[in-house]
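K.L.:
Dropping a structure here in structure tokens format, bear with me for questions.
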Amino acid sequence: MDPRIKLASFAGVDGGPDFLITNAGGLVTEEVRRELGLSRQALGIYEIWVVMHTDCQMQGLDDNSLLASIEAETGRRPTWTPGGFQWPEAELRLGIARLRSERLLAGVTLRGFLLDLEAGRLEEVECAA
């Protein structure tokens, strides 16, 4: 979702991945799980990379404060959760664990990466099974 990120160039892949889902924070939400499950069944994907990055605006975001602010401005509290987090590596591991629990993704290789925007480096994060 961040326009600073050109994943293919960081990953050293010509043309980028065959299928790319982006969202705020690189979070593995219910919607992402749905999309990946459908992609597995319809497109036969066999490897999934979850990529989060440094200097992410979701890091340190207080969900309740943001929701209260939106409610004060619009008169309605959103039904969705923003998904703020403290530590990208921990959130990345949690996201991979969520994907491992999806039966539709059985047999798919799951990998987690942290993209260091300042260094311009994509580093794999160990996400033990």
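In the structure tokens, the first chain shown is A, the next is B, and so on; residue numbers restart at 1 for each chain, and ligands run from 1 in the order shown.
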Determine, counting only C-alpha atoms, which protein, DNA and RNA residues have an atom within 12 Å of an atom of Ala97 of chain A; residues of the same chain fewer than 3 positions away are not included. Present the result as a PyMOL selection string.

P.N.:
chain A and resi 27-29+33+50+90-94+100-102+105+110-112+126-129

K.L.:
Would you write out those residues with C-alpha atoms, as a CSV table (one decimal), in the first residue's frame?

P.N.:
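So selection-v7.csv came out as:
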chain,number,residue,atom,x,y,z
A,27,LEU,CA,-1.5,-7.4,8.0
A,28,VAL,CA,-2.9,-10.9,7.6
A,29,THR,CA,-6.6,-10.0,8.0
A,33,ARG,CA,-7.0,-14.9,4.3
A,50,VAL,CA,4.1,-11.8,3.8
A,90,ALA,CA,6.1,-10.1,16.0
A,91,GLU,CA,3.1,-9.1,13.9
A,92,LEU,CA,4.7,-10.8,10.9
A,93,ARG,CA,5.1,-14.0,12.8
A,94,LEU,CA,1.5,-13.8,13.9
A,100,ARG,CA,-0.7,-21.8,8.7
A,101,SER,CA,-4.1,-22.3,10.4
A,102,GLU,CA,-5.9,-22.0,7.1
A,105,LEU,CA,-3.4,-23.2,2.4
A,110,LEU,CA,4.8,-19.5,3.8
A,111,ARG,CA,7.6,-17.0,4.2
A,112,GLY,CA,7.8,-13.7,6.1
A,126,GLU,CA,12.2,-16.8,10.8
A,127,CYS,CA,8.6,-17.8,11.4
A,128,ALA,CA,8.9,-21.2,13.0
A,129,ALA,CA,6.1,-23.7,12.3

K.L.:
What are the DSSP strand (DSSP E) residues of chain A, as a list in words?

P.N.:
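Those residues are Glu47, Ile48, Trp49, Val50, Val51, Met52, His53, Thr109, Leu110, Arg111, Gly112, Phe113, Leu114, Leu115, Asp116, Arg121, Leu122, Glu123, Glu124 and Val125 of chain A.
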
K.L.:
Using only C-alpha atoms, please write the residues we just selected to a file, as an mmCIF file, in the first residue's frame.

P.N.:
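again.cif was written with the following content:
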data_model
loop_
_atom_site.group_PDB
_atom_site.id
_atom_site.type_symbol
_atom_site.label_atom_id
_atom_site.label_comp_id
_atom_site.auth_asym_id
_atom_site.auth_seq_id
_atom_site.Cartn_x
_atom_site.Cartn_y
_atom_site.Cartn_z
ATOM 1 C CA GLU A 47 4.231 -19.911 -2.194
ATOM 2 C CA ILE A 48 3.132 -16.898 -0.169
ATOM 3 C CA TRP A 49 5.352 -14.089 1.046
ATOM 4 C CA VAL A 50 4.080 -11.790 3.776
ATOM 5 C CA VAL A 51 6.091 -8.565 3.647
ATOM 6 C CA MET A 52 6.022 -5.802 6.225
ATOM 7 C CA HIS A 53 8.299 -2.782 6.200
ATOM 8 C CA THR A 109 5.193 -22.481 1.410
ATOM 9 C CA LEU A 110 4.813 -19.504 3.750
ATOM 10 C CA ARG A 111 7.626 -16.975 4.177
ATOM 11 C CA GLY A 112 7.830 -13.719 6.093
ATOM 12 C CA PHE A 113 10.006 -10.714 5.240
ATOM 13 C CA LEU A 114 10.785 -7.329 6.697
ATOM 14 C CA LEU A 115 11.684 -4.666 4.181
ATOM 15 C CA ASP A 116 14.144 -2.133 5.605
ATOM 16 C CA ARG A 121 17.140 -4.519 2.029
ATOM 17 C CA LEU A 122 14.573 -7.315 2.191
ATOM 18 C CA GLU A 123 15.330 -9.636 5.097
ATOM 19 C CA GLU A 124 13.619 -12.941 5.763
ATOM 20 C CA VAL A 125 12.191 -13.317 9.276
#

K.L.:
Taking only C-alpha atoms into account, which of A:Gly83, A:Arg77, A:Ile70, A:Leu36 comes nearest Ala24 of chain A?

P.N.:
A:Gly83

K.L.:
What is the atom CA of Pro82 of chain A to atom CA of Asp63 of chain A distance in Å?

P.N.:
5.7 Å

K.L.:
Could you tell me how far atom CA of Phe85 of chain A lies from atom CA of Asp62 of chain A, in Å and to one decimal?

P.N.:
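So the answer is 8.1 Å.
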
K.L.:
Identify which of the residues A:Gly107, A:Gly95, A:Gly120, A:Gly25 lies closest to Ile45 of chain A, counting only C-alpha atoms when measuring atom-to-atom distances.

P.N.:
A:Gly107

K.L.:
Choose the residue, out of A:Val108, A:Leu117, A:Leu67, A:Leu99, that has the smallest atom-to-atom separation from Glu31 of chain A; count only C-alpha atoms.

P.N.:
A:Leu99

K.L.:
Between atom CA of Asn23 of chain A and atom CA of Thr81 of chain A, measure the distance and give it in Å to one decimal.

P.N.:
13.1 Å
